[in-house]
$ cat final-v2.txt   # compact mmCIF, C-alpha atoms
# COMPACT_ATOMS: atom_id res chain seq x y z
CA MET T 208 368.62 -124.32 142.10
CA ASN T 209 372.14 -123.11 142.85
CA TRP T 210 372.24 -121.61 146.34
CA LEU T 211 375.80 -120.34 146.08
CA PHE T 212 375.01 -118.07 143.11
CA ILE T 213 371.74 -116.87 144.62
CA VAL T 214 373.64 -115.76 147.73
CA ILE T 215 376.34 -114.11 145.62
CA GLY T 216 373.67 -112.29 143.60
CA ILE T 217 371.87 -111.03 146.70
CA ILE T 218 375.13 -109.84 148.28
CA LEU T 219 375.95 -107.98 145.05
CA ILE T 220 372.55 -106.26 144.99
CA ILE T 221 372.90 -105.19 148.61
CA TYR T 222 376.39 -103.88 147.89
CA ILE T 223 375.20 -101.90 144.84
CA ILE T 224 372.24 -100.35 146.68
CA LYS T 225 374.47 -99.46 149.60
CA SER T 226 376.87 -97.73 147.22
CA VAL T 227 374.02 -95.70 145.74
CA MET T 228 372.82 -94.77 149.25
CA ASN T 229 376.34 -93.55 150.08
CA LYS T 230 376.20 -91.49 146.90
CA ASN T 231 379.33 -92.91 145.36
CA PHE T 232 377.53 -94.66 142.54
CA ASP T 233 375.48 -93.09 139.78
CA MET T 234 371.75 -93.94 139.95
CA TYR T 235 371.31 -94.85 136.29
CA GLU T 236 374.51 -96.83 136.07
CA SER T 237 373.56 -98.79 139.19
CA ILE T 238 370.25 -99.87 137.63
CA LEU T 239 372.22 -101.56 134.84
CA TRP T 240 374.34 -103.47 137.33
CA ILE T 241 371.30 -104.46 139.41
CA MET T 242 369.65 -105.77 136.26
CA ALA T 243 372.72 -107.88 135.50
CA THR T 244 372.67 -109.25 139.05
CA VAL T 245 368.97 -110.08 138.77
CA VAL T 246 369.76 -112.07 135.64
CA ILE T 247 372.39 -114.02 137.61
CA ILE T 248 369.86 -114.78 140.36
CA ILE T 249 367.17 -115.87 137.89
CA LEU T 250 369.63 -118.20 136.16
CA ALA T 251 370.69 -119.56 139.53
CA ILE T 252 367.06 -120.30 140.49
CA PHE T 253 366.15 -121.83 137.12
CA PRO T 254 369.35 -123.32 135.69
CA LYS T 255 367.30 -125.27 133.12
CA SER T 256 366.09 -122.05 131.51
CA LEU T 257 369.60 -121.51 130.20
CA ASP T 258 369.48 -124.71 128.17
CA LEU T 259 366.02 -123.85 126.93
CA ILE T 260 366.99 -120.42 125.67
CA SER T 261 370.25 -121.56 124.11
CA THR T 262 368.58 -124.32 122.08
CA LYS T 263 365.92 -121.80 120.99
CA ILE T 264 368.52 -119.40 119.55
CA GLY T 265 370.75 -122.15 118.20
CA ILE T 266 373.62 -122.28 120.69
CA SER T 267 374.56 -125.91 121.20
CA TYR T 268 376.81 -125.40 124.24
CA SER T 269 374.59 -123.54 126.69
CA PRO T 270 377.28 -122.12 129.05
CA SER T 271 378.64 -120.11 126.13
CA LEU T 272 375.35 -118.18 126.22
CA VAL T 273 376.37 -116.93 129.67
CA PHE T 274 379.69 -115.74 128.27
CA LEU T 275 377.95 -114.09 125.35
CA LEU T 276 375.57 -112.22 127.64
CA ALA T 277 378.38 -111.18 129.95
CA LEU T 278 380.50 -109.97 127.03
CA VAL T 279 377.68 -107.95 125.49
CA PHE T 280 376.90 -106.41 128.85
CA LEU T 281 380.54 -105.47 129.53
CA LEU T 282 381.03 -104.06 126.03
CA PHE T 283 377.90 -101.98 126.40
CA ILE T 284 379.08 -100.53 129.71
CA ASN T 285 382.56 -100.01 128.26
CA PHE T 286 381.20 -98.08 125.29
CA LYS T 287 379.02 -95.96 127.50
CA GLN T 288 381.91 -95.09 129.78
CA SER T 289 384.10 -94.29 126.81
CA ARG T 290 381.52 -91.75 125.75
CA ILE T 291 381.25 -90.29 129.23
CA ILE T 292 385.04 -89.93 129.43
CA ASN T 293 385.09 -88.03 126.15
CA GLU T 294 382.28 -85.75 127.29
CA GLN T 295 384.20 -85.11 130.48
CA LYS T 296 387.35 -84.36 128.49
CA LEU T 297 385.59 -81.73 126.40
CA LYS T 298 384.08 -80.14 129.49
CA THR T 299 387.40 -80.02 131.36
CA ALA T 300 389.09 -78.43 128.38
CA GLU T 301 386.34 -75.82 128.18
CA LEU T 302 386.68 -75.15 131.90
CA ALA T 303 390.45 -74.84 131.67
CA GLN T 304 390.12 -72.32 128.85
CA GLN T 305 387.52 -70.24 130.66
CA LEU T 306 389.57 -70.33 133.85
CA ALA T 307 392.73 -69.21 132.08
CA ILE T 308 390.95 -66.32 130.35
CA LEU T 309 389.29 -65.22 133.59
CA LYS T 310 392.57 -65.41 135.48
CA GLU T 311 394.18 -63.13 132.96
CA LYS T 312 391.28 -60.70 133.28
CA VAL T 313 391.51 -60.62 137.07
CA GLU T 314 395.24 -60.05 136.98
CA GLU T 315 394.83 -57.19 134.54
CA LYS T 316 392.22 -55.53 136.77
CA LYS T 317 394.51 -55.96 139.74
CA ASN T 318 397.42 -54.35 137.91
CA LYS T 319 395.24 -51.43 136.86
CA ASN T 320 394.13 -50.79 140.45
CA GLU T 321 397.65 -50.83 141.82
CA MET K 302 390.62 -52.35 112.97
CA LYS K 303 391.75 -54.47 115.90
CA ALA K 304 394.05 -57.39 115.25
CA LEU K 305 395.47 -59.89 117.68
CA ILE K 306 398.32 -62.32 117.31
CA VAL K 307 397.65 -65.57 119.13
CA MET K 308 400.81 -67.45 119.95
CA PRO K 309 400.45 -70.83 121.64
CA ALA K 310 403.63 -71.83 123.42
CA HIS K 311 404.65 -75.00 125.18
CA ASN K 312 408.18 -75.02 126.59
CA GLU K 313 409.56 -72.48 124.14
CA GLU K 314 411.92 -70.52 126.43
CA LYS K 315 414.68 -70.65 123.82
CA ASN K 316 412.63 -69.25 120.95
CA ILE K 317 409.98 -67.01 122.43
CA GLY K 318 412.06 -64.08 123.76
CA LYS K 319 413.55 -63.31 120.39
CA LEU K 320 410.24 -63.81 118.63
CA ILE K 321 408.42 -61.36 120.91
CA ASP K 322 411.09 -58.73 120.24
CA GLU K 323 410.64 -59.30 116.54
CA VAL K 324 406.85 -58.94 116.77
CA LYS K 325 407.21 -55.72 118.78
CA LYS K 326 409.57 -54.31 116.19
CA ASP K 327 407.83 -55.43 112.99
CA LEU K 328 404.17 -55.26 114.05
CA PRO K 329 403.91 -52.36 116.50
CA ASN K 330 400.15 -51.80 115.97
CA ILE K 331 399.05 -55.35 116.57
CA ASP K 332 398.36 -56.84 119.99
CA LEU K 333 400.07 -60.02 120.98
CA ILE K 334 398.87 -62.65 123.39
CA VAL K 335 400.85 -65.72 124.35
CA ILE K 336 398.92 -68.80 125.38
CA ASN K 337 401.24 -70.60 127.73
CA ASP K 338 400.15 -74.23 127.47
CA ALA K 339 401.30 -75.29 130.95
CA SER K 340 404.98 -74.91 130.17
CA THR K 341 407.38 -76.34 132.71
CA ASP K 342 410.24 -74.05 131.77
CA LYS K 343 410.67 -70.29 131.95
CA THR K 344 408.32 -69.42 129.07
CA GLU K 345 405.84 -67.56 131.27
CA GLU K 346 408.48 -65.49 133.06
CA ILE K 347 410.09 -64.46 129.79
CA VAL K 348 406.74 -63.39 128.35
CA LYS K 349 405.79 -61.39 131.46
CA GLU K 350 409.23 -59.77 131.58
CA LYS K 351 408.61 -58.41 128.08
CA GLN K 352 405.28 -56.91 129.25
CA ILE K 353 403.25 -59.10 126.94
CA LYS K 354 399.84 -60.45 127.93
CA CYS K 355 399.96 -64.12 128.82
CA ILE K 356 397.19 -66.62 129.39
CA THR K 357 398.46 -69.60 131.32
CA LEU K 358 396.45 -72.79 131.00
CA PRO K 359 396.17 -74.81 134.22
CA PHE K 360 397.28 -78.00 132.47
CA ASN K 361 398.45 -79.04 129.06
CA LEU K 362 395.61 -78.87 126.54
CA GLY K 363 397.60 -79.33 123.35
CA TYR K 364 398.27 -77.04 120.42
CA SER K 365 394.78 -76.74 118.97
CA LEU K 366 392.94 -76.03 122.22
CA ALA K 367 395.58 -73.47 123.13
CA VAL K 368 394.87 -71.71 119.83
CA GLN K 369 391.15 -71.89 120.54
CA THR K 370 391.73 -70.28 123.94
CA GLY K 371 393.34 -67.34 122.16
CA ILE K 372 390.43 -67.14 119.74
CA LYS K 373 387.97 -67.11 122.64
CA TYR K 374 389.96 -64.30 124.21
CA ALA K 375 389.80 -62.42 120.92
CA LYS K 376 386.03 -62.83 120.81
CA GLU K 377 385.63 -61.51 124.33
CA HIS K 378 387.72 -58.46 123.56
CA GLU K 379 386.03 -57.91 120.20
CA TYR K 380 388.99 -58.18 117.90
CA ASN K 381 388.33 -58.05 114.16
CA TYR K 382 391.17 -60.30 113.11
CA VAL K 383 393.21 -63.04 114.70
CA ILE K 384 396.57 -64.14 113.41
CA GLN K 385 397.74 -67.54 114.56
CA MET K 386 401.49 -67.74 114.88
CA ASP K 387 403.63 -70.55 116.24
CA ALA K 388 406.09 -69.73 118.99
CA ASP K 389 408.87 -71.95 117.68
CA GLY K 390 410.20 -69.23 115.40
CA GLN K 391 409.16 -70.87 112.12
CA HIS K 392 406.68 -68.15 111.33
CA ILE K 393 408.24 -64.81 110.53
CA PRO K 394 406.35 -61.89 112.16
CA SER K 395 406.95 -59.45 109.30
CA GLU K 396 405.15 -61.89 106.98
CA ALA K 397 401.98 -61.53 109.06
CA LYS K 398 401.51 -58.10 107.50
CA LYS K 399 400.91 -59.78 104.13
CA LEU K 400 398.15 -61.93 105.60
CA LEU K 401 396.50 -59.00 107.32
CA ASP K 402 396.66 -56.75 104.26
CA TYR K 403 395.16 -59.47 102.11
CA ILE K 404 392.28 -60.28 104.44
CA GLU K 405 391.42 -56.60 104.81
CA LYS K 406 391.51 -55.90 101.10
CA GLU K 407 389.83 -59.03 99.74
CA LYS K 408 387.33 -59.51 102.60
CA VAL K 409 387.81 -63.27 102.80
CA ASP K 410 387.19 -65.32 105.93
CA ILE K 411 390.53 -67.06 106.27
CA VAL K 412 393.95 -66.39 104.79
CA ILE K 413 396.50 -69.16 104.99
CA GLY K 414 400.19 -68.40 104.84
CA SER K 415 401.35 -70.84 102.20
CA ARG K 416 404.85 -72.20 101.77
CA PHE K 417 404.21 -73.76 98.38
CA LEU K 418 402.42 -71.11 96.35
CA GLU K 419 405.74 -69.84 95.07
CA LYS K 420 409.14 -71.38 95.44
CA THR K 421 410.46 -70.42 98.88
CA GLN K 422 413.50 -71.49 100.83
CA TYR K 423 411.49 -73.74 103.09
CA LYS K 424 412.71 -77.33 103.04
CA HIS K 425 410.30 -80.18 103.47
CA GLY K 426 410.77 -83.83 104.37
CA ILE K 427 409.57 -86.39 101.82
CA MET K 428 406.97 -87.88 104.15
CA ARG K 429 405.55 -84.48 104.98
CA LYS K 430 405.43 -83.49 101.37
CA LEU K 431 403.49 -86.66 100.59
CA GLY K 432 401.04 -86.02 103.45
CA THR K 433 400.53 -82.41 102.41
CA ASN K 434 399.93 -83.45 98.81
CA ILE K 435 397.35 -86.04 99.79
CA LEU K 436 395.45 -83.56 101.96
CA SER K 437 395.64 -80.92 99.24
CA LYS K 438 394.20 -83.40 96.72
CA LEU K 439 391.44 -84.34 99.16
CA ILE K 440 390.39 -80.72 99.50
CA LYS K 441 390.45 -80.36 95.72
CA ILE K 442 388.22 -83.42 95.23
CA ILE K 443 385.73 -82.58 97.98
CA CYS K 444 385.50 -78.81 97.74
CA HIS K 445 386.87 -78.07 94.22
CA LYS K 446 389.30 -75.58 95.66
CA THR K 447 393.07 -75.52 95.48
CA ILE K 448 394.76 -75.12 98.83
CA LYS K 449 398.43 -75.84 98.35
CA ASP K 450 399.46 -75.79 101.99
CA PRO K 451 396.61 -77.10 104.15
CA THR K 452 398.85 -77.88 107.13
CA SER K 453 400.16 -74.37 107.59
CA GLY K 454 399.50 -73.04 111.08
CA PHE K 455 400.21 -69.46 110.01
CA GLN K 456 396.70 -68.15 109.39
CA CYS K 457 394.67 -65.00 109.69
CA ILE K 458 390.94 -65.24 110.37
CA ASN K 459 388.18 -62.64 110.42
CA GLU K 460 385.37 -61.97 112.86
CA LYS K 461 382.95 -64.46 111.35
CA THR K 462 385.49 -67.25 111.68
CA ILE K 463 386.47 -66.11 115.17
CA ASN K 464 382.85 -66.53 116.21
CA TYR K 465 382.66 -69.94 114.59
CA PHE K 466 385.89 -71.27 116.10
CA SER K 467 385.27 -69.94 119.59
CA CYS K 468 381.91 -71.69 119.83
CA MET K 469 383.10 -75.04 118.52
CA GLY K 470 382.63 -77.58 121.32
CA ASN K 471 384.80 -80.14 119.60
CA TYR K 472 387.68 -78.16 118.17
CA PRO K 473 389.77 -80.83 116.42
CA GLU K 474 393.13 -81.96 117.76
CA PHE K 475 394.73 -81.05 114.44
CA PRO K 476 393.03 -77.98 112.97
CA ASP K 477 394.32 -78.44 109.42
CA ALA K 478 392.76 -79.87 106.28
CA ASN K 479 389.73 -81.16 108.17
CA LEU K 480 388.84 -77.70 109.45
CA ILE K 481 389.44 -76.17 106.01
CA ILE K 482 387.04 -78.67 104.45
CA GLU K 483 384.44 -78.07 107.16
CA LEU K 484 384.54 -74.33 106.52
CA LEU K 485 384.63 -74.63 102.73
CA LEU K 486 381.53 -76.85 102.83
CA GLN K 487 379.81 -74.10 104.77
CA LYS K 488 380.69 -71.56 102.08
CA TYR K 489 383.44 -69.80 103.98
CA GLU K 490 385.98 -68.15 101.76
CA ILE K 491 389.54 -69.33 102.18
CA CYS K 492 392.54 -67.98 100.32
CA GLU K 493 396.27 -68.50 100.34
CA VAL K 494 399.06 -65.98 100.38
CA SER K 495 402.63 -66.92 99.65
CA ILE K 496 404.93 -66.41 102.62
CA ASN K 497 408.38 -67.37 103.75
CA MET K 498 409.07 -69.62 106.69
CA ARG K 499 412.17 -70.42 108.64
CA GLU K 500 413.48 -73.75 109.82
CA ARG K 501 413.02 -74.21 113.54
CA LYS K 502 416.13 -73.65 115.62
CA TYR K 503 415.42 -75.48 118.84
CA GLY K 504 413.10 -78.29 119.81
CA LYS K 505 411.26 -80.92 117.85
CA SER K 506 408.27 -80.59 115.55
CA MET K 507 404.91 -82.01 116.66
CA HIS K 508 405.02 -84.20 113.58
CA SER K 509 408.37 -85.93 113.98
CA GLY K 510 409.08 -89.63 113.95
CA LEU K 511 407.23 -92.30 112.03
CA ILE K 512 404.20 -93.19 114.14
CA GLY K 513 403.26 -89.56 114.81
CA PRO K 514 402.63 -88.59 111.16
CA ALA K 515 400.84 -91.89 110.49
CA LYS K 516 398.52 -91.26 113.44
CA TYR K 517 398.06 -87.69 112.24
CA MET K 518 397.00 -88.79 108.76
CA VAL K 519 394.57 -91.38 110.13
CA LYS K 520 392.98 -88.89 112.54
CA VAL K 521 392.67 -86.12 109.97
CA THR K 522 391.24 -88.45 107.30
CA TYR K 523 388.76 -89.88 109.78
CA ASN K 524 387.74 -86.39 110.79
CA ILE K 525 387.21 -85.45 107.14
CA ILE K 526 384.93 -88.46 106.63
CA ILE K 527 382.88 -87.44 109.68
CA ILE K 528 382.64 -83.87 108.43
CA ILE K 529 381.40 -85.02 105.01
CA LEU K 530 378.78 -87.29 106.62
CA ARG K 531 377.65 -84.51 108.96
CA ASN K 532 377.35 -82.17 106.01
CA LEU K 533 375.27 -84.69 104.04
CA PHE K 534 372.79 -85.05 106.90
CA ARG K 535 372.64 -81.31 107.40
CA LYS K 536 371.68 -80.86 103.75
CA LYS K 537 368.91 -83.44 104.01
CA LYS K 538 367.41 -81.69 107.00
$ encode --input "final-v2.txt" --output "structure tokens"
Amino acid sequence: MNWLFIVIGIILIIYIIKSVMNKNFDMYESILWIMATVVIIILAIFPKSLDLISTKIGISYSPSLVFLLALVFLLFINFKQSRIINEQKLKTAELAQQLAILKEKVEEKKNKNE
Amino acid sequence: MKALIVMPAHNEEKNIGKLIDEVKKDLPNIDLIVINDASTDKTEEIVKEKQIKCITLPFNLGYSLAVQTGIKYAKEHEYNYVIQMDADGQHIPSEAKKLLDYIEKEKVDIVIGSRFLEKTQYKHGIMRKLGTNILSKLIKIICHKTIKDPTSGFQCINEKTINYFSCMGNYPEFPDANLIIELLLQKYEICEVSINMRERKYGKSMHSGLIGPAKYMVKVTYNIIIIILRNLFRKKK
């Protein structure tokens, strides 16, 4: 049992939940991060499980399994955010176009009334 | 018949004044709208001084989205035809008449103003010629249709195409060969008309340098692959 990492994990979970309560963190996204933190805590409580799993899937140096998991997790989040950014980009462009067209319309109406 | 010229402009204060005068003189019956793509110079003031309608985008959206803004405007105001014309002075306003006459007579969906159908004075860099040839070949292979100048931005589109373009959520960054292929695969009719073009007087082309054109080719080719795949799946459904 590794007390240091258990404490770190618990602090992280509290911090994430607090962020969600303050509404500056997306609900769904926060679940992913909490899940990652839970994994850290589980590994900290049962460090032997890491060796067990790594020998099962054929990784001879068990700490590299941690790196693999972390990498996959980060890539997954990265990909997801990439997609969200693109979605946002399309929406902003659409908004900008609509705004520009509306602005022109309003100005024309104004000129007609004057 | 209602026709609209859509002219996207980004920092074109040196070219646009003259061009607007030319349009007014040569095409008196056609409306003109300038899409000011967040210019930082006097483009907007010059356009308003000439009593021309101007849509000013709140921030820079790039050439293709500026064009799409104009097309959306055309849809809202129920125009029958939209002519896309660059504001850098390369496209000659009097030539737009040819496009419009052709699209009205032949009832096609898109008419492209082509520089290479007949021998014109327009000079082309080697790299650009190569790129254009490759894209032209690609269209020929995929759609069995000869489009000699797929990168020409001087186009006239009809109502059907206006509707299609204005509703596209992902209007491509470069609306060239990829868009032509997408429309050809959906049985739109596209034709070319030979026109003259001028060399630009001020400012740089979007496709200057070495990395720019390379990026352009990669993006357009990638887009074409996606379009073909999308079309395959659509057919299966």
$ closest_residue --input "final-v2.txt" --among "K:Phe417, K:Tyr374, K:Tyr380, K:Tyr489" --to "chain T" --atoms "all atoms listed in the file"
K:Tyr374
$ residues_near_point --input "final-v2.txt" --point "(400.4, -76.4, 121.8)" --cutoff "12 Å" --atoms "all atoms listed in the file" --output "PyMOL selection string"
chain K and resi 307-313+335-340+357-358+360-371+385-389+454+474-476+506-507
$ atom_distance --input "final-v2.txt" --atom1 "CA of His378 in chain K" --atom2 "CA of Lys319 in chain K"
26.5 Å
$ interface_residues --input "final-v2.txt" --of "chain T" --to "chain K" --cutoff "12 Å" --atoms "only C-alpha atoms" --output "list in words"
Asn293, Glu294, Gln295, Lys296, Leu297, Lys298, Thr299, Ala300, Glu301, Leu302, Ala303, Gln304, Gln305, Leu306, Ala307, Ile308, Leu309, Lys310, Glu311, Lys312, Val313, Glu314, Glu315 and Asn318 of chain T
$ residues_around --input "final-v2.txt" --residues "range 428-442 of chain K" --least-positions-apart "6" --cutoff "7 Å" --atoms "only C-alpha atoms" --output "list in words"
Ile448, Lys449, Asp450, Pro451, Thr452, Ala478 and Ile482 of chain K
$ write_last_selection --input "final-v2.txt" --atoms "C-alpha atoms" --output "JSON list (two decimals), in the coordinates of the input"
[["chain", "number", "residue", "atom", "x", "y", "z"],
["K", 448, "ILE", "CA", 394.76, -75.12, 98.83],
["K", 449, "LYS", "CA", 398.43, -75.84, 98.35],
["K", 450, "ASP", "CA", 399.46, -75.79, 101.99],
["K", 451, "PRO", "CA", 396.61, -77.10, 104.15],
["K", 452, "THR", "CA", 398.85, -77.88, 107.13],
["K", 478, "ALA", "CA", 392.76, -79.87, 106.28],
["K", 482, "ILE", "CA", 387.04, -78.67, 104.45]]
$ residues_around --input "final-v2.txt" --residues "range 263-273 of chain T" --least-positions-apart "5" --cutoff "12 Å" --atoms "all atoms listed in the file" --output "list in words"
Ala243, Val246, Ile247, Leu250, Ala251, Pro254, Lys255, Ser256, Leu257, Asp258, Leu278, Val279 and Phe280 of chain T
